file start_19.cif (mmCIF, C-alpha atoms; chains and numbers go by the auth columns)
data_entry
#
loop_
_atom_site.group_PDB
_atom_site.id
_atom_site.type_symbol
_atom_site.label_atom_id
_atom_site.label_comp_id
_atom_site.label_asym_id
_atom_site.label_seq_id
_atom_site.Cartn_x
_atom_site.Cartn_y
_atom_site.Cartn_z
_atom_site.B_iso_or_equiv
_atom_site.auth_seq_id
_atom_site.auth_asym_id
ATOM 1 C CA MET A 1 134.505 80.466 151.145 0.00 9 O
ATOM 2 C CA ASP A 2 132.622 77.175 151.465 0.00 10 O
ATOM 3 C CA ASP A 3 134.970 74.166 151.082 0.00 11 O
ATOM 4 C CA ARG A 4 132.547 72.695 148.535 0.00 12 O
ATOM 5 C CA GLU A 5 132.934 75.717 146.247 0.00 13 O
ATOM 6 C CA THR A 6 135.573 75.077 143.614 0.00 14 O
ATOM 7 C CA ARG A 7 134.861 78.119 141.449 0.00 15 O
ATOM 8 C CA PRO A 8 136.340 81.569 141.962 0.00 16 O
ATOM 9 C CA PRO A 9 134.308 83.599 144.464 0.00 17 O
ATOM 10 C CA THR A 10 134.348 86.563 142.069 0.00 18 O
ATOM 11 C CA LEU A 11 132.442 84.518 139.484 0.00 19 O
ATOM 12 C CA LEU A 12 130.101 83.092 142.110 0.00 20 O
ATOM 13 C CA ALA A 13 129.154 86.676 143.030 0.00 21 O
ATOM 14 C CA LEU A 14 128.012 87.482 139.464 0.00 22 O
ATOM 15 C CA PRO A 15 124.311 86.750 138.885 0.00 23 O
ATOM 16 C CA SER A 16 124.891 86.554 135.121 0.00 24 O
ATOM 17 C CA TYR A 17 127.564 83.883 135.572 0.00 25 O
ATOM 18 C CA LEU A 18 125.362 81.929 137.951 0.00 26 O
ATOM 19 C CA ALA A 19 122.293 82.183 135.688 0.00 27 O
ATOM 20 C CA GLY A 20 124.273 81.021 132.673 0.00 28 O
ATOM 21 C CA HIS A 21 125.773 78.107 134.544 0.00 29 O
ATOM 22 C CA VAL A 22 122.463 77.068 136.093 0.00 30 O
ATOM 23 C CA ALA A 23 120.990 77.147 132.566 0.00 31 O
ATOM 24 C CA ARG A 24 123.700 74.764 131.334 0.00 32 O
ATOM 25 C CA ILE A 25 123.011 72.432 134.284 0.00 33 O
ATOM 26 C CA GLY A 26 119.286 72.506 133.525 0.00 34 O
ATOM 27 C CA HIS A 27 119.830 71.899 129.825 0.00 35 O
ATOM 28 C CA ARG A 28 121.866 68.692 130.231 0.00 36 O
ATOM 29 C CA GLY A 29 118.930 66.274 130.230 0.00 37 O
ATOM 30 C CA LEU A 30 117.048 68.207 127.595 0.00 38 O
ATOM 31 C CA VAL A 31 120.086 68.459 125.306 0.00 39 O
ATOM 32 C CA ALA A 32 120.568 64.691 125.579 0.00 40 O
ATOM 33 C CA ALA A 33 116.906 64.058 124.711 0.00 41 O
ATOM 34 C CA LEU A 34 117.100 66.480 121.786 0.00 42 O
ATOM 35 C CA ALA A 35 120.257 64.763 120.526 0.00 43 O
ATOM 36 C CA GLU A 36 118.318 61.476 120.375 0.00 44 O
ATOM 37 C CA HIS A 37 116.142 63.221 117.766 0.00 45 O
ATOM 38 C CA ASP A 38 119.155 64.922 116.135 0.00 46 O
ATOM 39 C CA LEU A 39 117.842 68.304 117.292 0.00 47 O
ATOM 40 C CA ARG A 40 119.295 71.205 119.295 0.00 48 O
ATOM 41 C CA LEU A 41 117.937 73.784 121.759 0.00 49 O
ATOM 42 C CA PRO A 42 116.878 76.282 119.043 0.00 50 O
ATOM 43 C CA HIS A 43 114.741 73.553 117.449 0.00 51 O
ATOM 44 C CA PHE A 44 113.081 72.991 120.830 0.00 52 O
ATOM 45 C CA ALA A 45 112.468 76.739 121.125 0.00 53 O
ATOM 46 C CA VAL A 46 110.787 76.783 117.697 0.00 54 O
ATOM 47 C CA LEU A 47 108.640 73.755 118.520 0.00 55 O
ATOM 48 C CA THR A 48 107.530 75.131 121.892 0.00 56 O
ATOM 49 C CA GLY A 49 106.930 78.581 120.404 0.00 57 O
ATOM 50 C CA LEU A 50 104.588 77.107 117.807 0.00 58 O
ATOM 51 C CA SER A 51 102.960 74.930 120.456 0.00 59 O
ATOM 52 C CA ASP A 52 102.345 77.898 122.768 0.00 60 O
ATOM 53 C CA PHE A 53 101.375 80.525 120.183 0.00 61 O
ATOM 54 C CA GLY A 54 99.929 78.441 117.349 0.00 62 O
ATOM 55 C CA PRO A 55 100.742 79.141 113.709 0.00 63 O
ATOM 56 C CA LEU A 56 102.854 82.268 113.270 0.00 64 O
ATOM 57 C CA ALA A 57 104.461 84.226 110.467 0.00 65 O
ATOM 58 C CA GLN A 58 108.129 83.306 110.361 0.00 66 O
ATOM 59 C CA HIS A 59 109.322 86.830 111.198 0.00 67 O
ATOM 60 C CA ALA A 60 106.962 86.993 114.205 0.00 68 O
ATOM 61 C CA LEU A 61 108.197 83.615 115.463 0.00 69 O
ATOM 62 C CA ALA A 62 111.831 84.723 115.138 0.00 70 O
ATOM 63 C CA ASP A 63 111.084 87.943 117.014 0.00 71 O
ATOM 64 C CA ARG A 64 109.191 86.191 119.814 0.00 72 O
ATOM 65 C CA LEU A 65 112.000 83.688 120.286 0.00 73 O
ATOM 66 C CA GLY A 66 114.790 86.250 119.993 0.00 74 O
ATOM 67 C CA LEU A 67 116.284 84.337 117.065 0.00 75 O
ATOM 68 C CA ASN A 68 117.977 85.715 113.988 0.00 76 O
ATOM 69 C CA ARG A 69 115.418 85.495 111.175 0.00 77 O
ATOM 70 C CA SER A 70 117.823 83.841 108.745 0.00 78 O
ATOM 71 C CA HIS A 71 118.794 81.239 111.352 0.00 79 O
ATOM 72 C CA LEU A 72 115.116 80.526 111.987 0.00 80 O
ATOM 73 C CA VAL A 73 114.696 79.570 108.321 0.00 81 O
ATOM 74 C CA GLY A 74 117.353 76.872 108.749 0.00 82 O
ATOM 75 C CA TYR A 75 115.715 75.531 111.898 0.00 83 O
ATOM 76 C CA LEU A 76 112.334 75.450 110.167 0.00 84 O
ATOM 77 C CA ASP A 77 113.838 73.735 107.106 0.00 85 O
ATOM 78 C CA LEU A 78 115.092 70.860 109.234 0.00 86 O
ATOM 79 C CA LEU A 79 111.886 70.594 111.261 0.00 87 O
ATOM 80 C CA GLU A 80 109.824 70.642 108.078 0.00 88 O
ATOM 81 C CA GLN A 81 111.995 67.953 106.460 0.00 89 O
ATOM 82 C CA ARG A 82 111.402 65.772 109.519 0.00 90 O
ATOM 83 C CA GLY A 83 107.644 66.315 109.344 0.00 91 O
ATOM 84 C CA PHE A 84 107.345 68.255 112.625 0.00 92 O
ATOM 85 C CA VAL A 85 106.448 71.624 111.080 0.00 93 O
ATOM 86 C CA ARG A 86 104.653 72.737 107.947 0.00 94 O
ATOM 87 C CA ARG A 87 104.857 76.104 106.243 0.00 95 O
ATOM 88 C CA GLU A 88 101.931 77.711 104.523 0.00 96 O
ATOM 89 C CA ARG A 89 100.970 81.072 103.126 0.00 97 O
ATOM 90 C CA ASP A 90 99.707 83.461 105.783 0.00 98 O
ATOM 91 C CA PRO A 91 95.997 84.029 105.038 0.00 99 O
ATOM 92 C CA ALA A 92 96.299 87.577 106.415 0.00 100 O
ATOM 93 C CA ASP A 93 99.160 88.407 104.021 0.00 101 O
ATOM 94 C CA ARG A 94 99.796 85.980 101.153 0.00 102 O
ATOM 95 C CA ARG A 95 103.351 87.329 100.740 0.00 103 O
ATOM 96 C CA ARG A 96 104.361 85.820 104.093 0.00 104 O
ATOM 97 C CA GLN A 97 105.117 82.280 105.174 0.00 105 O
ATOM 98 C CA ARG A 98 103.505 81.019 108.340 0.00 106 O
ATOM 99 C CA ALA A 99 104.830 78.048 110.327 0.00 107 O
ATOM 100 C CA ALA A 100 102.642 75.556 112.168 0.00 108 O
ATOM 101 C CA LEU A 101 103.155 72.317 114.059 0.00 109 O
ATOM 102 C CA THR A 102 102.091 69.037 112.498 0.00 110 O
ATOM 103 C CA GLU A 103 100.578 66.271 114.622 0.00 111 O
ATOM 104 C CA PRO A 104 103.966 64.475 114.883 0.00 112 O
ATOM 105 C CA GLY A 105 105.471 67.843 115.883 0.00 113 O
ATOM 106 C CA SER A 106 102.849 68.265 118.595 0.00 114 O
ATOM 107 C CA GLU A 107 103.575 64.764 119.909 0.00 115 O
ATOM 108 C CA LEU A 108 107.323 65.442 119.916 0.00 116 O
ATOM 109 C CA VAL A 109 106.927 68.761 121.723 0.00 117 O
ATOM 110 C CA ARG A 110 104.777 67.116 124.431 0.00 118 O
ATOM 111 C CA HIS A 111 107.469 64.479 124.968 0.00 119 O
ATOM 112 C CA LEU A 112 110.278 67.051 125.027 0.00 120 O
ATOM 113 C CA GLN A 113 108.369 69.305 127.431 0.00 121 O
ATOM 114 C CA GLU A 114 108.076 66.369 129.839 0.00 122 O
ATOM 115 C CA VAL A 115 111.835 65.803 129.531 0.00 123 O
ATOM 116 C CA ALA A 116 112.461 69.532 130.090 0.00 124 O
ATOM 117 C CA HIS A 117 110.300 69.586 133.213 0.00 125 O
ATOM 118 C CA ARG A 118 112.052 66.503 134.597 0.00 126 O
ATOM 119 C CA SER A 119 115.473 68.034 133.913 0.00 127 O
ATOM 120 C CA GLN A 120 114.422 71.209 135.727 0.00 128 O
ATOM 121 C CA GLU A 121 113.209 69.227 138.721 0.00 129 O
ATOM 122 C CA GLU A 122 116.476 67.298 138.824 0.00 130 O
ATOM 123 C CA SER A 123 118.760 70.297 138.361 0.00 131 O
ATOM 124 C CA LEU A 124 116.884 72.514 140.822 0.00 132 O
ATOM 125 C CA GLY A 125 116.125 69.764 143.310 0.00 133 O
ATOM 126 C CA VAL A 126 118.257 71.457 145.970 0.00 134 O
ATOM 127 C CA LEU A 127 115.638 74.248 146.067 0.00 135 O
ATOM 128 C CA SER A 128 112.206 74.002 147.645 0.00 136 O
ATOM 129 C CA ALA A 129 109.153 74.423 145.435 0.00 137 O
ATOM 130 C CA GLU A 130 108.705 77.953 146.797 0.00 138 O
ATOM 131 C CA GLU A 131 112.349 78.814 146.102 0.00 139 O
ATOM 132 C CA ARG A 132 111.989 77.521 142.526 0.00 140 O
ATOM 133 C CA ARG A 133 108.863 79.681 142.002 0.00 141 O
ATOM 134 C CA THR A 134 110.730 82.713 143.350 0.00 142 O
ATOM 135 C CA LEU A 135 113.738 82.014 141.135 0.00 143 O
ATOM 136 C CA VAL A 136 111.540 81.689 138.047 0.00 144 O
ATOM 137 C CA GLU A 137 109.629 84.869 138.872 0.00 145 O
ATOM 138 C CA LEU A 138 112.816 86.885 139.376 0.00 146 O
ATOM 139 C CA MET A 139 114.394 85.621 136.147 0.00 147 O
ATOM 140 C CA ARG A 140 111.134 86.198 134.256 0.00 148 O
ATOM 141 C CA ARG A 141 111.059 89.817 135.442 0.00 149 O
ATOM 142 C CA VAL A 142 114.553 90.376 134.053 0.00 150 O
ATOM 143 C CA VAL A 143 113.633 88.807 130.692 0.00 151 O
ATOM 144 C CA VAL A 144 110.349 90.738 130.411 0.00 152 O
ATOM 145 C CA ALA A 145 112.113 94.018 131.253 0.00 153 O
ATOM 146 C CA ASP A 146 114.762 93.306 128.620 0.00 154 O
ATOM 147 C CA ASP A 147 112.073 92.495 126.028 0.00 155 O
ATOM 148 C CA ALA A 148 110.294 95.770 126.838 0.00 156 O
ATOM 149 C CA ALA A 149 113.549 97.742 126.574 0.00 157 O
ATOM 150 C CA SER A 150 114.307 96.108 123.211 0.00 158 O
ATOM 151 C CA LYS A 151 110.870 97.096 121.895 0.00 159 O
ATOM 152 C CA GLU A 152 111.446 100.709 122.974 0.00 160 O
ATOM 153 C CA VAL A 153 114.759 100.793 121.087 0.00 161 O
ATOM 154 C CA THR A 154 113.187 99.454 117.876 0.00 162 O
ATOM 155 C CA ALA A 155 110.081 101.657 118.108 0.00 163 O
#
call {"tool": "encode", "arguments": {"input": "start_19.cif", "output": "structure tokens"}}
result
Amino acid sequence: MDDRETRPPTLLALPSYLAGHVARIGHRGLVAALAEHDLRLPHFAVLTGLSDFGPLAQHALADRLGLNRSHLVGYLDLLEQRGFVRRERDPADRRRQRAALTEPGSELVRHLQEVAHRSQEESLGVLSAEERRTLVELMRRVVVADDAASKEVTA
């Protein structure tokens, strides 16, 4: 065991433990920036989801983000009250609500994405750029495989 390691070796051998802990390290700066806006990580997920995908039906947004649909409504309520998101009838199906970013929401998401990127650079600074790309690719493969498996179960 390395003298610098203070955690149990059994935990340090578990990829899931390491991934979860690395995520918490990476979230520190972002969580602090979100707190300045009285927001949390799920709010950031909603904002970035709408930024990346454009306006979406609420159920589709919840599914893409892996959020409980009823929890998403609460996140959207707060974001809408703050003027970052607007809800409108879905033109493809008037029975559905669709969420979209407002201009202030787009500005906020750009700022928070910069903060997120900086926090990632800081937290993963012990890795080379190539190592970071490899880490992201490996984690992405696990997430994509899990998403595909979840779709097969619900199909």
call {"tool": "residues_around", "arguments": {"input": "start_19.cif", "residues": "Leu109 (chain O)", "least_positions_apart": "3", "cutoff": "12 Å", "atoms": "only C-alpha atoms", "output": "PDB file with C-alpha atoms, in the frame of the given file"}}
result
ATOM      1  CA  VAL O  54     110.787  76.783 117.697  1.00  0.00           C
ATOM      2  CA  LEU O  55     108.640  73.755 118.520  1.00  0.00           C
ATOM      3  CA  THR O  56     107.530  75.131 121.892  1.00  0.00           C
ATOM      4  CA  GLY O  57     106.930  78.581 120.404  1.00  0.00           C
ATOM      5  CA  LEU O  58     104.588  77.107 117.807  1.00  0.00           C
ATOM      6  CA  SER O  59     102.960  74.930 120.456  1.00  0.00           C
ATOM      7  CA  ASP O  60     102.345  77.898 122.768  1.00  0.00           C
ATOM      8  CA  PHE O  61     101.375  80.525 120.183  1.00  0.00           C
ATOM      9  CA  GLY O  62      99.929  78.441 117.349  1.00  0.00           C
ATOM     10  CA  PRO O  63     100.742  79.141 113.709  1.00  0.00           C
ATOM     11  CA  LEU O  64     102.854  82.268 113.270  1.00  0.00           C
ATOM     12  CA  LEU O  84     112.334  75.450 110.167  1.00  0.00           C
ATOM     13  CA  LEU O  87     111.886  70.594 111.261  1.00  0.00           C
ATOM     14  CA  GLU O  88     109.824  70.642 108.078  1.00  0.00           C
ATOM     15  CA  ARG O  90     111.402  65.772 109.519  1.00  0.00           C
ATOM     16  CA  GLY O  91     107.644  66.315 109.344  1.00  0.00           C
ATOM     17  CA  PHE O  92     107.345  68.255 112.625  1.00  0.00           C
ATOM     18  CA  VAL O  93     106.448  71.624 111.080  1.00  0.00           C
ATOM     19  CA  ARG O  94     104.653  72.737 107.947  1.00  0.00           C
ATOM     20  CA  ARG O  95     104.857  76.104 106.243  1.00  0.00           C
ATOM     21  CA  GLU O  96     101.931  77.711 104.523  1.00  0.00           C
ATOM     22  CA  ARG O 106     103.505  81.019 108.340  1.00  0.00           C
ATOM     23  CA  PRO O 112     103.966  64.475 114.883  1.00  0.00           C
ATOM     24  CA  GLY O 113     105.471  67.843 115.883  1.00  0.00           C
ATOM     25  CA  SER O 114     102.849  68.265 118.595  1.00  0.00           C
ATOM     26  CA  GLU O 115     103.575  64.764 119.909  1.00  0.00           C
ATOM     27  CA  LEU O 116     107.323  65.442 119.916  1.00  0.00           C
ATOM     28  CA  VAL O 117     106.927  68.761 121.723  1.00  0.00           C
ATOM     29  CA  ARG O 118     104.777  67.116 124.431  1.00  0.00           C
TER      30      ARG O 118
END
call {"tool": "atom_distance", "arguments": {"input": "start_19.cif", "atom1": "CA of Ser78 (chain O)", "atom2": "CA of Pro99 (chain O)"}}
result
22.1 Å
call {"tool": "resolve_selection", "arguments": {"input": "start_19.cif", "expression": "the PyMOL selection byres ((chain O and resi 31) around 12)", "output": "mmCIF file with C-alpha atoms, keeping the file's coordinate frame"}}
result
data_model
loop_
_atom_site.group_PDB
_atom_site.id
_atom_site.type_symbol
_atom_site.label_atom_id
_atom_site.label_comp_id
_atom_site.auth_asym_id
_atom_site.auth_seq_id
_atom_site.Cartn_x
_atom_site.Cartn_y
_atom_site.Cartn_z
ATOM 1 C CA PRO O 23 124.311 86.750 138.885
ATOM 2 C CA SER O 24 124.891 86.554 135.121
ATOM 3 C CA TYR O 25 127.564 83.883 135.572
ATOM 4 C CA LEU O 26 125.362 81.929 137.951
ATOM 5 C CA ALA O 27 122.293 82.183 135.688
ATOM 6 C CA GLY O 28 124.273 81.021 132.673
ATOM 7 C CA HIS O 29 125.773 78.107 134.544
ATOM 8 C CA VAL O 30 122.463 77.068 136.093
ATOM 9 C CA ARG O 32 123.700 74.764 131.334
ATOM 10 C CA ILE O 33 123.011 72.432 134.284
ATOM 11 C CA GLY O 34 119.286 72.506 133.525
ATOM 12 C CA HIS O 35 119.830 71.899 129.825
ATOM 13 C CA ARG O 36 121.866 68.692 130.231
ATOM 14 C CA GLY O 37 118.930 66.274 130.230
ATOM 15 C CA LEU O 38 117.048 68.207 127.595
ATOM 16 C CA VAL O 39 120.086 68.459 125.306
ATOM 17 C CA LEU O 49 117.937 73.784 121.759
ATOM 18 C CA ALA O 124 112.461 69.532 130.090
ATOM 19 C CA SER O 127 115.473 68.034 133.913
ATOM 20 C CA GLN O 128 114.422 71.209 135.727
ATOM 21 C CA SER O 131 118.760 70.297 138.361
ATOM 22 C CA LEU O 132 116.884 72.514 140.822
ATOM 23 C CA VAL O 144 111.540 81.689 138.047
ATOM 24 C CA MET O 147 114.394 85.621 136.147
#
call {"tool": "axis_aligned_box", "arguments": {"input": "start_19.cif", "around": "region 20-23 of chain O", "padding_each_side": "4 Å", "output": "AutoDock Vina command-line options"}}
result
--center_x 127.2 --center_y 85.3 --center_z 141.0 --size_x 13.8 --size_y 12.4 --size_z 12.1
call {"tool": "closest_residue", "arguments": {"input": "start_19.cif", "among": "O:His119, O:His79, O:Arg140, O:His67", "to": "Arg104 (chain O)", "atoms": "only C-alpha atoms"}}
result
O:His67
call {"tool": "resolve_selection", "arguments": {"input": "start_19.cif", "expression": "the PyMOL selection byres ((chain O and resi 73) around 9)", "output": "PyMOL selection string"}}
result
chain O and resi 50+53-54+57+68-72+74-76
call {"tool": "atom_distance", "arguments": {"input": "start_19.cif", "atom1": "CA of Leu42 (chain O)", "atom2": "CA of Gln89 (chain O)"}}
result
16.2 Å
call {"tool": "atom_distance", "arguments": {"input": "start_19.cif", "atom1": "CA of Thr142 (chain O)", "atom2": "CA of Glu129 (chain O)"}}
result
14.5 Å
call {"tool": "decode", "arguments": {"input": "start_19.cif", "residues": "region 128-154 of chain O", "atoms": "N, CA, C and O atoms", "output": "PDB file, in the first residue's frame"}}
result
ATOM      1  N   GLN O 128     -13.376  20.225 -13.713  1.00  0.00           N
ATOM      2  CA  GLN O 128     -12.856  18.954 -14.220  1.00  0.00           C
ATOM      3  C   GLN O 128     -11.352  19.041 -14.431  1.00  0.00           C
ATOM      4  O   GLN O 128     -10.616  18.110 -14.115  1.00  0.00           O
ATOM      5  N   GLU O 129     -10.905  20.142 -14.992  1.00  0.00           N
ATOM      6  CA  GLU O 129      -9.466  20.326 -15.211  1.00  0.00           C
ATOM      7  C   GLU O 129      -8.717  20.303 -13.875  1.00  0.00           C
ATOM      8  O   GLU O 129      -7.660  19.693 -13.769  1.00  0.00           O
ATOM      9  N   GLU O 130      -9.285  20.969 -12.882  1.00  0.00           N
ATOM     10  CA  GLU O 130      -8.632  21.018 -11.574  1.00  0.00           C
ATOM     11  C   GLU O 130      -8.629  19.648 -10.911  1.00  0.00           C
ATOM     12  O   GLU O 130      -7.606  19.199 -10.397  1.00  0.00           O
ATOM     13  N   SER O 131      -9.779  18.966 -10.931  1.00  0.00           N
ATOM     14  CA  SER O 131      -9.867  17.694 -10.211  1.00  0.00           C
ATOM     15  C   SER O 131      -9.113  16.574 -10.913  1.00  0.00           C
ATOM     16  O   SER O 131      -8.658  15.630 -10.265  1.00  0.00           O
ATOM     17  N   LEU O 132      -8.980  16.649 -12.217  1.00  0.00           N
ATOM     18  CA  LEU O 132      -8.278  15.606 -12.969  1.00  0.00           C
ATOM     19  C   LEU O 132      -6.899  16.054 -13.433  1.00  0.00           C
ATOM     20  O   LEU O 132      -6.293  15.413 -14.289  1.00  0.00           O
ATOM     21  N   GLY O 133      -6.413  17.114 -12.842  1.00  0.00           N
ATOM     22  CA  GLY O 133      -5.118  17.671 -13.238  1.00  0.00           C
ATOM     23  C   GLY O 133      -3.940  16.731 -13.073  1.00  0.00           C
ATOM     24  O   GLY O 133      -2.903  16.926 -13.697  1.00  0.00           O
ATOM     25  N   VAL O 134      -4.097  15.695 -12.250  1.00  0.00           N
ATOM     26  CA  VAL O 134      -2.992  14.736 -12.075  1.00  0.00           C
ATOM     27  C   VAL O 134      -2.887  13.796 -13.274  1.00  0.00           C
ATOM     28  O   VAL O 134      -1.904  13.066 -13.393  1.00  0.00           O
ATOM     29  N   LEU O 135      -3.873  13.838 -14.172  1.00  0.00           N
ATOM     30  CA  LEU O 135      -3.863  13.002 -15.376  1.00  0.00           C
ATOM     31  C   LEU O 135      -3.452  13.833 -16.582  1.00  0.00           C
ATOM     32  O   LEU O 135      -3.775  15.017 -16.667  1.00  0.00           O
ATOM     33  N   SER O 136      -2.778  13.199 -17.516  1.00  0.00           N
ATOM     34  CA  SER O 136      -2.450  13.884 -18.774  1.00  0.00           C
ATOM     35  C   SER O 136      -3.731  14.046 -19.593  1.00  0.00           C
ATOM     36  O   SER O 136      -4.752  13.404 -19.305  1.00  0.00           O
ATOM     37  N   ALA O 137      -3.665  14.870 -20.604  1.00  0.00           N
ATOM     38  CA  ALA O 137      -4.826  15.067 -21.483  1.00  0.00           C
ATOM     39  C   ALA O 137      -5.251  13.740 -22.109  1.00  0.00           C
ATOM     40  O   ALA O 137      -6.450  13.438 -22.201  1.00  0.00           O
ATOM     41  N   GLU O 138      -4.304  12.945 -22.524  1.00  0.00           N
ATOM     42  CA  GLU O 138      -4.611  11.631 -23.114  1.00  0.00           C
ATOM     43  C   GLU O 138      -5.260  10.701 -22.088  1.00  0.00           C
ATOM     44  O   GLU O 138      -6.221   9.991 -22.395  1.00  0.00           O
ATOM     45  N   GLU O 139      -4.767  10.716 -20.866  1.00  0.00           N
ATOM     46  CA  GLU O 139      -5.359   9.883 -19.814  1.00  0.00           C
ATOM     47  C   GLU O 139      -6.797  10.328 -19.520  1.00  0.00           C
ATOM     48  O   GLU O 139      -7.684   9.489 -19.327  1.00  0.00           O
ATOM     49  N   ARG O 140      -7.032  11.644 -19.514  1.00  0.00           N
ATOM     50  CA  ARG O 140      -8.394  12.142 -19.288  1.00  0.00           C
ATOM     51  C   ARG O 140      -9.323  11.692 -20.401  1.00  0.00           C
ATOM     52  O   ARG O 140     -10.458  11.275 -20.147  1.00  0.00           O
ATOM     53  N   ARG O 141      -8.867  11.767 -21.670  1.00  0.00           N
ATOM     54  CA  ARG O 141      -9.691  11.311 -22.800  1.00  0.00           C
ATOM     55  C   ARG O 141     -10.007   9.824 -22.669  1.00  0.00           C
ATOM     56  O   ARG O 141     -11.141   9.399 -22.899  1.00  0.00           O
ATOM     57  N   THR O 142      -9.017   9.038 -22.273  1.00  0.00           N
ATOM     58  CA  THR O 142      -9.230   7.598 -22.094  1.00  0.00           C
ATOM     59  C   THR O 142     -10.227   7.341 -20.966  1.00  0.00           C
ATOM     60  O   THR O 142     -11.143   6.521 -21.110  1.00  0.00           O
ATOM     61  N   LEU O 143     -10.068   8.039 -19.858  1.00  0.00           N
ATOM     62  CA  LEU O 143     -10.987   7.882 -18.735  1.00  0.00           C
ATOM     63  C   LEU O 143     -12.414   8.209 -19.160  1.00  0.00           C
ATOM     64  O   LEU O 143     -13.346   7.445 -18.877  1.00  0.00           O
ATOM     65  N   VAL O 144     -12.597   9.314 -19.843  1.00  0.00           N
ATOM     66  CA  VAL O 144     -13.934   9.711 -20.296  1.00  0.00           C
ATOM     67  C   VAL O 144     -14.507   8.672 -21.247  1.00  0.00           C
ATOM     68  O   VAL O 144     -15.677   8.281 -21.128  1.00  0.00           O
ATOM     69  N   GLU O 145     -13.707   8.199 -22.175  1.00  0.00           N
ATOM     70  CA  GLU O 145     -14.196   7.201 -23.139  1.00  0.00           C
ATOM     71  C   GLU O 145     -14.611   5.906 -22.443  1.00  0.00           C
ATOM     72  O   GLU O 145     -15.655   5.333 -22.764  1.00  0.00           O
ATOM     73  N   LEU O 146     -13.825   5.453 -21.494  1.00  0.00           N
ATOM     74  CA  LEU O 146     -14.171   4.224 -20.771  1.00  0.00           C
ATOM     75  C   LEU O 146     -15.454   4.389 -19.959  1.00  0.00           C
ATOM     76  O   LEU O 146     -16.331   3.521 -19.975  1.00  0.00           O
ATOM     77  N   MET O 147     -15.575   5.512 -19.257  1.00  0.00           N
ATOM     78  CA  MET O 147     -16.791   5.748 -18.465  1.00  0.00           C
ATOM     79  C   MET O 147     -18.003   5.909 -19.370  1.00  0.00           C
ATOM     80  O   MET O 147     -19.094   5.417 -19.060  1.00  0.00           O
ATOM     81  N   ARG O 148     -17.827   6.582 -20.502  1.00  0.00           N
ATOM     82  CA  ARG O 148     -18.921   6.768 -21.458  1.00  0.00           C
ATOM     83  C   ARG O 148     -19.414   5.415 -21.967  1.00  0.00           C
ATOM     84  O   ARG O 148     -20.611   5.200 -22.107  1.00  0.00           O
ATOM     85  N   ARG O 149     -18.495   4.518 -22.254  1.00  0.00           N
ATOM     86  CA  ARG O 149     -18.884   3.181 -22.737  1.00  0.00           C
ATOM     87  C   ARG O 149     -19.755   2.467 -21.717  1.00  0.00           C
ATOM     88  O   ARG O 149     -20.738   1.817 -22.071  1.00  0.00           O
ATOM     89  N   VAL O 150     -19.420   2.580 -20.446  1.00  0.00           N
ATOM     90  CA  VAL O 150     -20.209   1.944 -19.396  1.00  0.00           C
ATOM     91  C   VAL O 150     -21.604   2.569 -19.341  1.00  0.00           C
ATOM     92  O   VAL O 150     -22.615   1.864 -19.267  1.00  0.00           O
ATOM     93  N   VAL O 151     -21.687   3.885 -19.400  1.00  0.00           N
ATOM     94  CA  VAL O 151     -22.982   4.572 -19.350  1.00  0.00           C
ATOM     95  C   VAL O 151     -23.832   4.225 -20.568  1.00  0.00           C
ATOM     96  O   VAL O 151     -25.022   3.921 -20.445  1.00  0.00           O
ATOM     97  N   VAL O 152     -23.244   4.249 -21.752  1.00  0.00           N
ATOM     98  CA  VAL O 152     -23.986   3.933 -22.980  1.00  0.00           C
ATOM     99  C   VAL O 152     -24.487   2.493 -22.941  1.00  0.00           C
ATOM    100  O   VAL O 152     -25.632   2.212 -23.312  1.00  0.00           O
ATOM    101  N   ALA O 153     -23.664   1.571 -22.472  1.00  0.00           N
ATOM    102  CA  ALA O 153     -24.087   0.166 -22.372  1.00  0.00           C
ATOM    103  C   ALA O 153     -25.233   0.020 -21.383  1.00  0.00           C
ATOM    104  O   ALA O 153     -26.195  -0.720 -21.629  1.00  0.00           O
ATOM    105  N   ASP O 154     -25.168   0.745 -20.269  1.00  0.00           N
ATOM    106  CA  ASP O 154     -26.255   0.688 -19.293  1.00  0.00           C
ATOM    107  C   ASP O 154     -27.541   1.276 -19.869  1.00  0.00           C
ATOM    108  O   ASP O 154     -28.631   0.730 -19.653  1.00  0.00           O
TER     109      ASP O 154
END
